[in-house]
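Here is target30.tsv, consisting of TSV, C-alpha atoms:
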```
chain	number	residue	atom	x	y	z
A	21	MET	CA	101.75	-43.76	-54.71
A	22	ILE	CA	102.14	-41.06	-52.09
A	23	GLY	CA	100.38	-38.55	-54.32
A	24	ARG	CA	97.54	-40.96	-54.93
A	25	SER	CA	97.13	-41.57	-51.19
A	26	VAL	CA	97.06	-37.85	-50.50
A	27	ARG	CA	94.39	-37.37	-53.14
A	28	MET	CA	92.29	-40.21	-51.63
A	29	LEU	CA	92.61	-38.75	-48.14
A	30	ALA	CA	91.61	-35.33	-49.46
A	31	ALA	CA	88.57	-36.84	-51.17
A	32	LEU	CA	87.55	-38.70	-48.02
A	33	ALA	CA	87.98	-35.52	-45.98
A	34	ALA	CA	85.78	-33.65	-48.43
A	35	LEU	CA	83.09	-36.31	-48.15
A	36	GLY	CA	83.29	-36.07	-44.41
A	37	LEU	CA	82.91	-32.30	-44.60
A	38	VAL	CA	79.87	-32.64	-46.84
A	39	ALA	CA	78.36	-35.22	-44.50
A	40	GLY	CA	79.02	-32.94	-41.55
A	41	CYS	CA	77.09	-30.13	-43.26
A	42	ALA	CA	74.16	-32.38	-44.17
A	43	LYS	CA	70.77	-30.97	-43.20
A	44	PRO	CA	69.49	-32.57	-39.98
A	45	ALA	CA	66.34	-34.68	-40.24
A	46	VAL	CA	63.13	-32.71	-39.68
A	47	LYS	CA	61.37	-33.58	-36.43
A	48	THR	CA	57.97	-35.18	-36.95
A	49	LEU	CA	54.94	-35.10	-34.67
A	50	HIS	CA	52.23	-37.66	-35.37
A	51	VAL	CA	48.73	-36.47	-34.42
A	52	TYR	CA	45.64	-38.72	-34.37
A	53	THR	CA	42.43	-36.69	-34.23
A	54	TRP	CA	38.95	-36.09	-35.60
A	55	ALA	CA	38.57	-34.88	-39.20
A	56	ASP	CA	38.94	-31.12	-39.81
A	57	TYR	CA	39.76	-30.52	-36.16
A	58	ILE	CA	42.78	-28.20	-36.45
A	59	LYS	CA	42.91	-25.14	-38.66
A	60	PRO	CA	45.48	-25.78	-41.45
A	61	GLU	CA	47.09	-22.37	-40.94
A	62	VAL	CA	47.55	-23.19	-37.25
A	63	VAL	CA	49.32	-26.40	-38.24
A	64	GLN	CA	51.55	-24.51	-40.66
A	65	ARG	CA	52.45	-21.90	-38.05
A	66	PHE	CA	53.46	-24.57	-35.54
A	67	GLU	CA	55.58	-26.33	-38.16
A	68	ARG	CA	57.25	-23.06	-39.12
A	69	GLU	CA	57.95	-21.95	-35.54
A	70	ASN	CA	59.27	-25.34	-34.45
A	71	GLY	CA	61.05	-26.50	-37.58
A	72	CYS	CA	59.01	-29.69	-37.65
A	73	LYS	CA	56.41	-31.58	-39.63
A	74	LEU	CA	52.95	-32.56	-38.37
A	75	VAL	CA	51.52	-35.77	-39.77
A	76	ILE	CA	47.78	-35.93	-39.07
A	77	ASP	CA	45.67	-39.09	-39.24
A	78	THR	CA	41.94	-39.02	-38.45
A	79	PHE	CA	39.36	-41.23	-36.76
A	80	ASP	CA	35.56	-41.08	-36.85
A	81	SER	CA	34.77	-42.44	-33.38
A	82	ASN	CA	36.44	-42.98	-30.04
A	83	GLU	CA	35.76	-46.68	-30.43
A	84	SER	CA	37.59	-46.97	-33.75
A	85	MET	CA	40.53	-44.94	-32.42
A	86	TYR	CA	40.82	-47.12	-29.34
A	87	ALA	CA	40.43	-50.36	-31.28
A	88	LYS	CA	43.19	-49.36	-33.69
A	89	LEU	CA	45.59	-48.63	-30.83
A	90	LYS	CA	44.73	-51.85	-29.01
A	91	ALA	CA	45.26	-53.78	-32.25
A	92	GLY	CA	48.86	-52.62	-32.24
A	93	ALA	CA	48.93	-49.32	-34.15
A	94	SER	CA	51.93	-47.33	-32.98
A	95	GLY	CA	53.88	-44.22	-33.81
A	96	TYR	CA	51.28	-41.67	-32.68
A	97	ASP	CA	52.22	-38.89	-30.27
A	98	VAL	CA	49.24	-36.58	-29.61
A	99	LEU	CA	45.59	-37.70	-29.64
A	100	THR	CA	42.25	-35.94	-29.01
A	101	PRO	CA	39.87	-38.53	-27.53
A	102	SER	CA	36.73	-37.56	-25.66
A	103	SER	CA	37.18	-37.22	-21.90
A	104	TYR	CA	35.46	-40.46	-20.98
A	105	TYR	CA	37.77	-42.36	-23.31
A	106	VAL	CA	40.73	-40.55	-21.80
A	107	ALA	CA	39.66	-42.06	-18.48
A	108	ILE	CA	39.66	-45.54	-20.01
A	109	MET	CA	43.06	-45.08	-21.65
A	110	SER	CA	44.53	-43.52	-18.53
A	111	GLY	CA	43.34	-46.43	-16.40
A	112	GLN	CA	45.07	-48.83	-18.77
A	113	GLY	CA	48.41	-47.03	-18.55
A	114	MET	CA	48.35	-45.80	-22.17
A	115	LEU	CA	48.98	-42.12	-21.45
A	116	LEU	CA	52.00	-40.07	-20.41
A	117	ASP	CA	51.92	-37.97	-17.28
A	118	LEU	CA	52.13	-34.35	-18.43
A	119	ASP	CA	55.03	-32.12	-17.39
A	120	HIS	CA	53.35	-28.86	-16.39
A	121	ARG	CA	56.69	-27.06	-16.43
A	122	LYS	CA	56.57	-27.42	-20.22
A	123	LEU	CA	52.96	-26.21	-20.39
A	124	PRO	CA	52.82	-22.61	-19.09
A	125	ASN	CA	49.68	-21.90	-21.12
A	126	LEU	CA	47.69	-24.24	-18.87
A	127	ALA	CA	47.18	-21.08	-16.80
A	128	ASN	CA	44.73	-20.02	-19.54
A	129	VAL	CA	42.43	-23.05	-19.24
A	130	ASP	CA	38.93	-22.10	-18.06
A	131	THR	CA	38.64	-23.07	-14.39
A	132	ALA	CA	34.84	-23.10	-14.70
A	133	TYR	CA	35.14	-26.07	-17.06
A	134	LEU	CA	37.78	-27.76	-14.91
A	135	ARG	CA	35.23	-27.96	-12.09
A	136	ILE	CA	33.28	-30.55	-14.09
A	137	ALA	CA	36.21	-32.05	-16.01
A	138	LEU	CA	37.13	-35.70	-15.53
A	139	ASP	CA	40.82	-34.79	-15.07
A	140	PRO	CA	40.59	-31.43	-13.27
A	141	GLN	CA	44.27	-31.47	-12.30
A	142	MET	CA	45.22	-32.04	-15.96
A	143	LYS	CA	47.51	-34.85	-14.89
A	144	ARG	CA	47.31	-36.70	-18.21
A	145	SER	CA	45.00	-34.58	-20.36
A	146	VAL	CA	44.36	-30.97	-21.34
A	147	PRO	CA	40.90	-29.90	-22.57
A	148	TYR	CA	40.95	-29.05	-26.28
A	149	MET	CA	37.43	-28.36	-27.55
A	150	LEU	CA	33.99	-28.28	-25.90
A	151	THR	CA	30.69	-29.17	-27.52
A	152	ASN	CA	27.05	-29.35	-26.48
A	153	THR	CA	24.83	-31.97	-28.03
A	154	GLY	CA	21.37	-30.63	-28.81
A	155	LEU	CA	18.88	-30.29	-31.65
A	156	ALA	CA	19.06	-28.29	-34.86
A	157	TYR	CA	16.09	-27.46	-37.06
A	158	LEU	CA	15.06	-25.42	-40.08
A	159	LYS	CA	13.17	-22.33	-38.95
A	160	SER	CA	11.11	-22.04	-42.12
A	161	LYS	CA	9.99	-25.67	-42.07
A	162	VAL	CA	9.46	-26.57	-38.41
A	163	LYS	CA	6.48	-24.87	-36.82
A	164	ASP	CA	6.18	-24.22	-33.09
A	165	PRO	CA	9.61	-25.57	-32.09
A	166	GLN	CA	10.01	-26.39	-28.41
A	167	PRO	CA	13.34	-26.67	-26.54
A	168	SER	CA	12.69	-30.27	-25.59
A	169	TRP	CA	13.72	-33.77	-26.57
A	170	ALA	CA	9.97	-34.27	-27.12
A	171	MET	CA	10.55	-32.78	-30.59
A	172	LEU	CA	11.64	-36.28	-31.62
A	173	ASP	CA	8.05	-37.46	-31.08
A	174	ARG	CA	6.69	-35.02	-33.67
A	175	LYS	CA	4.75	-37.04	-36.29
A	176	ASP	CA	4.73	-34.10	-38.71
A	177	LEU	CA	8.52	-34.45	-38.97
A	178	LYS	CA	8.49	-38.20	-39.49
A	179	GLY	CA	11.16	-39.37	-41.91
A	180	ARG	CA	12.91	-35.99	-41.85
A	181	MET	CA	14.76	-36.33	-38.52
A	182	THR	CA	18.05	-37.91	-37.45
A	183	LEU	CA	19.58	-39.06	-34.19
A	184	LEU	CA	23.30	-39.45	-33.64
A	185	ASN	CA	24.65	-42.90	-34.35
A	186	ASP	CA	26.30	-42.75	-30.94
A	187	MET	CA	25.37	-45.07	-28.11
A	188	ARG	CA	26.01	-42.78	-25.15
A	189	GLU	CA	24.74	-39.57	-26.75
A	190	THR	CA	21.46	-41.02	-28.01
A	191	ILE	CA	20.61	-43.16	-24.98
A	192	GLY	CA	21.71	-40.18	-22.90
A	193	ALA	CA	19.22	-37.91	-24.67
A	194	ALA	CA	16.40	-40.30	-23.77
A	195	LEU	CA	17.60	-40.51	-20.18
A	196	LYS	CA	17.61	-36.71	-19.84
A	197	PHE	CA	14.13	-36.60	-21.42
A	198	LEU	CA	12.96	-38.98	-18.69
A	199	GLY	CA	14.61	-36.92	-15.96
A	200	TYR	CA	17.47	-39.34	-15.29
A	201	SER	CA	21.23	-38.98	-15.33
A	202	LEU	CA	22.87	-39.76	-18.64
A	203	ASN	CA	25.42	-41.72	-16.61
A	204	THR	CA	22.89	-43.93	-14.83
A	205	THR	CA	23.58	-47.62	-14.36
A	206	ASP	CA	20.08	-48.40	-13.13
A	207	ASP	CA	18.66	-51.23	-15.26
A	208	GLY	CA	15.08	-50.01	-15.00
A	209	GLN	CA	15.97	-46.49	-16.13
A	210	LEU	CA	18.01	-47.83	-19.03
A	211	GLU	CA	15.13	-50.04	-20.15
A	212	GLN	CA	12.80	-47.03	-20.12
A	213	ALA	CA	15.33	-45.09	-22.19
A	214	ARG	CA	15.52	-47.97	-24.65
A	215	GLU	CA	11.76	-47.81	-25.21
A	216	VAL	CA	11.90	-44.05	-25.75
A	217	VAL	CA	14.67	-44.33	-28.35
A	218	ILE	CA	12.83	-47.15	-30.14
A	219	ARG	CA	9.74	-44.91	-30.23
A	220	TRP	CA	11.82	-42.05	-31.64
A	221	LYS	CA	13.42	-44.42	-34.14
A	222	ALA	CA	10.05	-44.90	-35.83
A	223	ASN	CA	10.13	-41.19	-36.76
A	224	LEU	CA	13.72	-41.09	-38.00
A	225	ALA	CA	15.20	-40.98	-41.44
A	226	LYS	CA	18.20	-42.74	-39.86
A	227	PHE	CA	20.82	-42.72	-37.14
A	228	GLU	CA	23.50	-40.42	-38.52
A	229	SER	CA	26.70	-38.88	-37.17
A	230	GLU	CA	28.37	-37.50	-40.29
A	231	GLN	CA	25.98	-36.50	-43.07
A	232	TYR	CA	23.35	-34.80	-40.91
A	233	LYS	CA	25.24	-31.51	-41.31
A	234	SER	CA	24.97	-31.45	-45.08
A	235	GLY	CA	21.46	-32.90	-44.82
A	236	LEU	CA	20.36	-29.97	-42.67
A	237	ALA	CA	22.08	-27.44	-44.92
A	238	SER	CA	20.39	-28.89	-48.02
A	239	GLY	CA	16.96	-29.23	-46.39
A	240	GLU	CA	16.91	-33.02	-46.65
A	241	PHE	CA	16.53	-33.18	-42.85
A	242	LEU	CA	14.28	-30.81	-40.93
A	243	LEU	CA	15.51	-31.66	-37.44
A	244	ALA	CA	18.73	-33.34	-36.31
A	245	HIS	CA	20.40	-34.38	-33.10
A	246	GLY	CA	23.94	-33.07	-33.36
A	247	TYR	CA	27.07	-31.50	-31.96
A	248	SER	CA	27.09	-27.74	-31.53
A	249	GLY	CA	30.22	-27.26	-33.64
A	250	ASP	CA	28.70	-29.19	-36.53
A	251	ILE	CA	25.53	-27.16	-36.24
A	252	LEU	CA	27.46	-23.87	-36.27
A	253	SER	CA	29.25	-25.03	-39.42
A	254	ALA	CA	25.92	-25.93	-41.03
A	255	GLN	CA	24.56	-22.47	-40.13
A	256	GLU	CA	27.33	-20.93	-42.21
A	257	GLU	CA	25.88	-22.75	-45.24
A	258	ASN	CA	22.23	-22.20	-44.39
A	259	ALA	CA	21.09	-19.32	-42.17
A	260	ASP	CA	17.70	-21.03	-41.77
A	261	ILE	CA	19.24	-23.48	-39.28
A	262	ALA	CA	18.69	-22.81	-35.57
A	263	PHE	CA	19.88	-24.58	-32.42
A	264	LEU	CA	17.68	-25.88	-29.62
A	265	ALA	CA	19.06	-26.71	-26.18
A	266	PRO	CA	16.50	-29.11	-24.63
A	267	ARG	CA	15.27	-27.83	-21.30
A	268	GLU	CA	15.60	-31.32	-19.79
A	269	GLY	CA	19.38	-31.00	-20.11
A	270	LEU	CA	21.97	-32.31	-22.52
A	271	SER	CA	25.53	-33.55	-22.65
A	272	ILE	CA	28.53	-31.27	-22.49
A	273	SER	CA	31.54	-33.10	-23.78
A	274	CYS	CA	35.16	-32.28	-24.26
A	275	ASP	CA	37.84	-33.72	-26.47
A	276	ASP	CA	41.18	-33.69	-24.69
A	277	LEU	CA	44.79	-33.43	-25.76
A	278	VAL	CA	46.83	-36.39	-24.54
A	279	ILE	CA	50.28	-37.84	-25.22
A	280	LEU	CA	50.69	-41.57	-25.63
A	281	LYS	CA	53.12	-43.15	-23.20
A	282	ASP	CA	55.18	-44.66	-26.04
A	283	SER	CA	55.52	-41.32	-27.89
A	284	LYS	CA	58.91	-40.84	-29.52
A	285	ALA	CA	58.46	-37.06	-29.57
A	286	SER	CA	57.11	-36.19	-26.13
A	287	ALA	CA	59.00	-32.88	-25.89
A	288	LEU	CA	57.57	-31.70	-29.21
A	289	ALA	CA	54.14	-33.01	-28.16
A	290	HIS	CA	54.26	-30.82	-25.04
A	291	ARG	CA	55.16	-27.81	-27.21
A	292	PHE	CA	52.19	-28.54	-29.46
A	293	ILE	CA	49.73	-28.74	-26.57
A	294	ASN	CA	51.11	-25.53	-25.10
A	295	PHE	CA	50.89	-23.85	-28.52
A	296	LEU	CA	47.20	-24.76	-28.91
A	297	HIS	CA	46.44	-22.99	-25.63
A	298	ASP	CA	48.09	-19.74	-26.65
A	299	PRO	CA	45.06	-17.37	-26.49
A	300	GLU	CA	45.49	-16.11	-30.05
A	301	VAL	CA	45.82	-19.64	-31.41
A	302	ALA	CA	42.92	-20.95	-29.32
A	303	ALA	CA	40.59	-18.19	-30.58
A	304	GLU	CA	41.67	-18.60	-34.20
A	305	ASN	CA	41.27	-22.36	-34.03
A	306	SER	CA	37.82	-22.13	-32.36
A	307	LEU	CA	36.50	-19.83	-35.06
A	308	ALA	CA	37.85	-22.06	-37.82
A	309	ILE	CA	36.36	-25.34	-36.58
A	310	ASN	CA	33.32	-23.90	-34.74
A	311	TYR	CA	34.00	-25.48	-31.38
A	312	LEU	CA	34.88	-23.62	-28.19
A	313	CYS	CA	38.35	-24.08	-26.78
A	314	PRO	CA	37.96	-23.72	-22.97
A	315	ASN	CA	40.67	-21.10	-22.81
A	316	ALA	CA	39.49	-18.17	-20.66
A	317	ALA	CA	42.12	-15.81	-22.05
A	318	ALA	CA	40.86	-16.48	-25.58
A	319	TYR	CA	37.19	-15.66	-24.97
A	320	ALA	CA	37.62	-11.89	-25.34
A	321	LYS	CA	39.26	-12.48	-28.72
A	322	LEU	CA	36.15	-14.21	-30.09
A	323	PRO	CA	33.43	-12.20	-31.84
A	324	GLU	CA	30.38	-11.49	-29.71
A	325	GLU	CA	28.19	-13.23	-32.29
A	326	PHE	CA	30.11	-16.45	-31.74
A	327	ARG	CA	30.26	-16.17	-27.95
A	328	ASN	CA	26.51	-15.55	-27.65
A	329	ASN	CA	25.33	-18.14	-30.16
A	330	PRO	CA	22.87	-20.47	-28.33
A	331	ALA	CA	24.96	-23.42	-29.50
A	332	VAL	CA	27.91	-22.00	-27.56
A	333	LYS	CA	26.34	-20.12	-24.64
A	334	LEU	CA	23.73	-22.20	-22.85
A	335	ASP	CA	20.98	-20.74	-20.70
A	336	PRO	CA	22.12	-21.12	-17.04
A	337	ALA	CA	18.94	-23.03	-16.12
A	338	VAL	CA	19.64	-25.56	-18.88
A	339	GLN	CA	23.34	-25.70	-18.13
A	340	ALA	CA	22.54	-26.65	-14.53
A	341	LYS	CA	20.92	-29.83	-15.89
A	342	CYS	CA	23.77	-30.74	-18.21
A	343	GLU	CA	26.25	-33.51	-17.57
A	344	VAL	CA	29.57	-34.79	-18.84
A	345	ILE	CA	29.54	-38.35	-20.18
A	346	ARG	CA	31.63	-40.52	-17.87
A	347	ASP	CA	33.32	-43.87	-18.26
A	348	LEU	CA	31.20	-46.42	-16.39
A	349	GLY	CA	33.71	-49.24	-16.26
A	350	SER	CA	32.12	-52.65	-16.48
A	351	ASP	CA	28.69	-51.00	-16.61
A	352	ASN	CA	29.47	-49.73	-20.11
A	353	ALA	CA	28.29	-53.18	-21.17
A	354	LYS	CA	24.76	-52.24	-20.09
A	355	TYR	CA	24.69	-49.43	-22.64
A	356	THR	CA	26.10	-51.70	-25.33
A	357	ARG	CA	23.35	-54.23	-24.67
A	358	ILE	CA	20.61	-51.57	-24.79
A	359	TRP	CA	22.09	-50.06	-27.96
A	360	ASP	CA	22.15	-53.44	-29.69
A	361	GLN	CA	18.48	-53.89	-28.80
A	362	ILE	CA	17.63	-50.44	-30.18
A	363	LYS	CA	19.45	-51.14	-33.44
A	364	ALA	CA	17.72	-54.51	-33.81
A	365	ALA	CA	14.24	-53.10	-33.18
A	366	PRO	CA	12.01	-52.62	-36.25
```

Rewrite the structure from the file as structure tokens, please.
Amino acid sequence: MIGRSVRMLAALAALGLVAGCAKPAVKTLHVYTWADYIKPEVVQRFERENGCKLVIDTFDSNESMYAKLKAGASGYDVLTPSSYYVAIMSGQGMLLDLDHRKLPNLANVDTAYLRIALDPQMKRSVPYMLTNTGLAYLKSKVKDPQPSWAMLDRKDLKGRMTLLNDMRETIGAALKFLGYSLNTTDDGQLEQAREVVIRWKANLAKFESEQYKSGLASGEFLLAHGYSGDILSAQEENADIAFLAPREGLSISCDDLVILKDSKASALAHRFINFLHDPEVAAENSLAINYLCPNAAAYAKLPEEFRNNPAVKLDPAVQAKCEVIRDLGSDNAKYTRIWDQIKAAP
């Protein structure tokens, strides 16, 4: 009996030893972002350096991302909403205050952008990628192009043009064309913008936010309203594509890195944000996804061809007329109403 007990104790001790040597669970960071918005090799490097796993889910609009979270989706840590949606989420207590002691690479963020940012102190958000929203066209097919939103009135391009299926961007384009702020809440100005977009709509193939890139590259569309990063990507497939920055002004928008307040991996989330603003990483990531990370220390690491592309570097006179889309609070409903009327118009 004694021998049997000794053997049992030895076996239990061995099991305990094995359990004690068991491999610890791999840390996981859940990221919710736009499609193709982080270079895969950058993801792999972060995983390797931090002994963790990134799980990436994607959304196709700020609205769908926000609706999913408000419907009860949980488990996400880092998100990349556009700045004006960051303002909404911040106001509703959804975001974690950032610990700048864990983010030394914030020193690299471009202060020129922070002057127009919605969270210039980076209290709850860090700028990730910048984009301009202008016009792209095929040089061999579009004669006498003009840097103006008036291009959307061109009858010779009827049926071969697209506008973004985005309420604020498209109404904003019409507002800039009319000489107004794209953040106006004036009912009369919004009604004028509605009539302009309805007039443009008669010339469109469709409102389109996803397939216009491949449509431009294939020649299906001759002119498209689009994001600069998408247009740069399309240029890689078709060198005939050129970018126009309308002289009336356009939107400059930024997608920001934020941490949800209920994140279960906030320390790892801080490391990820800091990692993305390492100058080498920021430059590599920008080149891969064709958007500009507003990281001043990274600019010199970007090829001159990229830095000077008109889709990246705006003319100062045009840039002076550009604006950042802002959250308008209860007045957002005015844009929703106008957008519904535009969509319903024949």

Given the choices A:Leu288, A:Ala365, A:Leu334, A:Ser160, which gets closest to Ile261 in chain A if the distance is worked out from all atoms listed in the file?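 Of all the options, A:Ser160 lies closest to Ile261 in chain A.
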
Which residues come within 10 Å of range 343-349 of chain A, counting only C-alpha atoms, excluding same-chain residues fewer than 5 positions away, as a PDB file with C-alpha atoms, in the frame of the given file?
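As written to disk, around_25.pdb reads:
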```
ATOM      1  CA  SER A 102      36.730 -37.560 -25.660  1.00  0.00           C
ATOM      2  CA  SER A 103      37.180 -37.220 -21.900  1.00  0.00           C
ATOM      3  CA  TYR A 104      35.460 -40.460 -20.980  1.00  0.00           C
ATOM      4  CA  TYR A 105      37.770 -42.360 -23.310  1.00  0.00           C
ATOM      5  CA  VAL A 106      40.730 -40.550 -21.800  1.00  0.00           C
ATOM      6  CA  ALA A 107      39.660 -42.060 -18.480  1.00  0.00           C
ATOM      7  CA  ILE A 108      39.660 -45.540 -20.010  1.00  0.00           C
ATOM      8  CA  ILE A 136      33.280 -30.550 -14.090  1.00  0.00           C
ATOM      9  CA  ALA A 137      36.210 -32.050 -16.010  1.00  0.00           C
ATOM     10  CA  LEU A 138      37.130 -35.700 -15.530  1.00  0.00           C
ATOM     11  CA  ASN A 152      27.050 -29.350 -26.480  1.00  0.00           C
ATOM     12  CA  ARG A 188      26.010 -42.780 -25.150  1.00  0.00           C
ATOM     13  CA  GLU A 189      24.740 -39.570 -26.750  1.00  0.00           C
ATOM     14  CA  GLY A 192      21.710 -40.180 -22.900  1.00  0.00           C
ATOM     15  CA  LYS A 196      17.610 -36.710 -19.840  1.00  0.00           C
ATOM     16  CA  SER A 201      21.230 -38.980 -15.330  1.00  0.00           C
ATOM     17  CA  LEU A 202      22.870 -39.760 -18.640  1.00  0.00           C
ATOM     18  CA  ASN A 203      25.420 -41.720 -16.610  1.00  0.00           C
ATOM     19  CA  THR A 204      22.890 -43.930 -14.830  1.00  0.00           C
ATOM     20  CA  THR A 205      23.580 -47.620 -14.360  1.00  0.00           C
ATOM     21  CA  GLY A 269      19.380 -31.000 -20.110  1.00  0.00           C
ATOM     22  CA  LEU A 270      21.970 -32.310 -22.520  1.00  0.00           C
ATOM     23  CA  SER A 271      25.530 -33.550 -22.650  1.00  0.00           C
ATOM     24  CA  ILE A 272      28.530 -31.270 -22.490  1.00  0.00           C
ATOM     25  CA  SER A 273      31.540 -33.100 -23.780  1.00  0.00           C
ATOM     26  CA  CYS A 274      35.160 -32.280 -24.260  1.00  0.00           C
ATOM     27  CA  LYS A 354      24.760 -52.240 -20.090  1.00  0.00           C
ATOM     28  CA  TYR A 355      24.690 -49.430 -22.640  1.00  0.00           C
TER      29      TYR A 355
END
```

Range 131-190 of chain A residues near range 221-228 of chain A within 9 Å, closest pair each, using only C-alpha atoms, as a Markdown table:
```
| residue | atom | partner | partner_atom | distance |
| --- | --- | --- | --- | --- |
| A:Leu172 | CA | A:Asn223 | CA | 7.3 |
| A:Asp173 | CA | A:Asn223 | CA | 7.1 |
| A:Arg174 | CA | A:Asn223 | CA | 7.7 |
| A:Lys175 | CA | A:Asn223 | CA | 6.8 |
| A:Leu177 | CA | A:Asn223 | CA | 7.3 |
| A:Lys178 | CA | A:Asn223 | CA | 4.4 |
| A:Gly179 | CA | A:Ala225 | CA | 4.4 |
| A:Arg180 | CA | A:Ala225 | CA | 5.5 |
| A:Met181 | CA | A:Leu224 | CA | 4.9 |
| A:Thr182 | CA | A:Lys226 | CA | 5.4 |
| A:Leu183 | CA | A:Phe227 | CA | 4.9 |
| A:Leu184 | CA | A:Glu228 | CA | 5.0 |
| A:Asn185 | CA | A:Phe227 | CA | 4.7 |
| A:Asp186 | CA | A:Phe227 | CA | 8.3 |
```

What does the structure give for the distance between CA of Asn125 in chain A and CA of Arg291 in chain A, in Å to one decimal?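 Calculated distance between CA of Asn125 in chain A and CA of Arg291 in chain A is 10.1 Å.
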
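Minimum distance to Ser145 in chain A across A:Leu243, A:Ile251, A:Val278, A:Val129 (counting only C-alpha atoms) occurs at A:Val278.
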
A:Asn128, A:Ala87, A:Phe66, A:Asp56 ranked by distance to Ser253 in chain A, top pick (using all atoms listed in the file):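 Of all the options, A:Asp56 lies closest to Ser253 in chain A.
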
In Å, how far is it from CA of Lys163 in chain A to CA of Pro266 in chain A?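 Computed distance, CA of Lys163 in chain A to CA of Pro266 in chain A, equals 16.3 Å.
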
Give me, please, the distance in Å between CA of Ala254 in chain A and CA of Val217 in chain A, quoted to one decimal.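 CA of Ala254 in chain A sits 25.0 Å away from CA of Val217 in chain A.
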
From the list A:Gln212, A:Asn294, A:Thr78, A:Ser168, the nearest residue to His245 in chain A using all atoms listed in the file is A:Ser168

Quick one: of A:Phe326, A:Tyr232, A:Tyr96, A:Tyr86, who's nearest to Ala289 in chain A, counting all atoms listed in the file?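 Ranking A:Phe326, A:Tyr232, A:Tyr96, A:Tyr86 by distance to Ala289 in chain A, first place goes to A:Tyr96.
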
Option closest in space to Met85 in chain A, from A:Val62, A:Ala259, A:Met109, A:Ala331 [counting all atoms listed in the file]: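 Selected residue with least distance to Met85 in chain A: A:Met109.
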
Could you name the residues that touch Val98 in chain A at 10 Å or less, counting all atoms listed in the file, but leaving out those on the same chain fewer than 6 positions away, as a ChimeraX atom specification? /A:49-53,76,115,276-281,283,285-286,288-290,292-293

List every protein, DNA or RNA residue with an atom no more than 6 Å from (34.7, -29.3, -28.5) in the file's coordinates, counting all atoms listed in the file, and format the result as a ChimeraX atom specification. /A:149-151,274-275,311-312

Is there a way to get, as a PDB file with C-alpha atoms, in the coordinates of the input, all residues within 8 Å of the point (42.8, -19.5, -18.7) in file coordinates, counting only C-alpha atoms?
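Result file is out-v9.pdb:
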```pdb
ATOM      1  CA  ASN A 125      49.680 -21.900 -21.120  1.00  0.00           C
ATOM      2  CA  LEU A 126      47.690 -24.240 -18.870  1.00  0.00           C
ATOM      3  CA  ALA A 127      47.180 -21.080 -16.800  1.00  0.00           C
ATOM      4  CA  ASN A 128      44.730 -20.020 -19.540  1.00  0.00           C
ATOM      5  CA  VAL A 129      42.430 -23.050 -19.240  1.00  0.00           C
ATOM      6  CA  ASP A 130      38.930 -22.100 -18.060  1.00  0.00           C
ATOM      7  CA  THR A 131      38.640 -23.070 -14.390  1.00  0.00           C
ATOM      8  CA  PRO A 314      37.960 -23.720 -22.970  1.00  0.00           C
ATOM      9  CA  ASN A 315      40.670 -21.100 -22.810  1.00  0.00           C
ATOM     10  CA  ALA A 316      39.490 -18.170 -20.660  1.00  0.00           C
ATOM     11  CA  ALA A 317      42.120 -15.810 -22.050  1.00  0.00           C
ATOM     12  CA  ALA A 318      40.860 -16.480 -25.580  1.00  0.00           C
TER      13      ALA A 318
END
```

Range 120-127 of chain A from the block above, N, CA, C and O atoms, as a tab-separated table (two decimals), in the first residue's frame, please?
```
chain	number	residue	atom	x	y	z
A	120	HIS	N	0.22	58.64	-22.40
A	120	HIS	CA	1.32	59.09	-23.26
A	120	HIS	C	2.68	58.57	-22.81
A	120	HIS	O	3.62	58.53	-23.61
A	121	ARG	N	2.78	58.14	-21.56
A	121	ARG	CA	4.05	57.56	-21.09
A	121	ARG	C	4.36	56.26	-21.82
A	121	ARG	O	5.52	55.87	-21.94
A	122	LYS	N	3.33	55.61	-22.33
A	122	LYS	CA	3.49	54.36	-23.06
A	122	LYS	C	3.58	54.59	-24.57
A	122	LYS	O	3.66	53.63	-25.33
A	123	LEU	N	3.58	55.85	-24.98
A	123	LEU	CA	3.55	56.19	-26.40
A	123	LEU	C	4.65	57.20	-26.75
A	123	LEU	O	4.37	58.30	-27.24
A	124	PRO	N	5.91	56.85	-26.56
A	124	PRO	CA	6.99	57.80	-26.85
A	124	PRO	C	7.04	58.23	-28.31
A	124	PRO	O	7.52	59.33	-28.61
A	125	ASN	N	6.55	57.40	-29.22
A	125	ASN	CA	6.61	57.75	-30.64
A	125	ASN	C	5.60	58.82	-31.04
A	125	ASN	O	5.60	59.27	-32.20
A	126	LEU	N	4.78	59.28	-30.09
A	126	LEU	CA	3.89	60.41	-30.41
A	126	LEU	C	4.71	61.66	-30.73
A	126	LEU	O	4.21	62.57	-31.39
A	127	ALA	N	5.96	61.68	-30.30
A	127	ALA	CA	6.84	62.81	-30.63
A	127	ALA	C	7.05	62.92	-32.14
A	127	ALA	O	7.46	63.99	-32.63
```
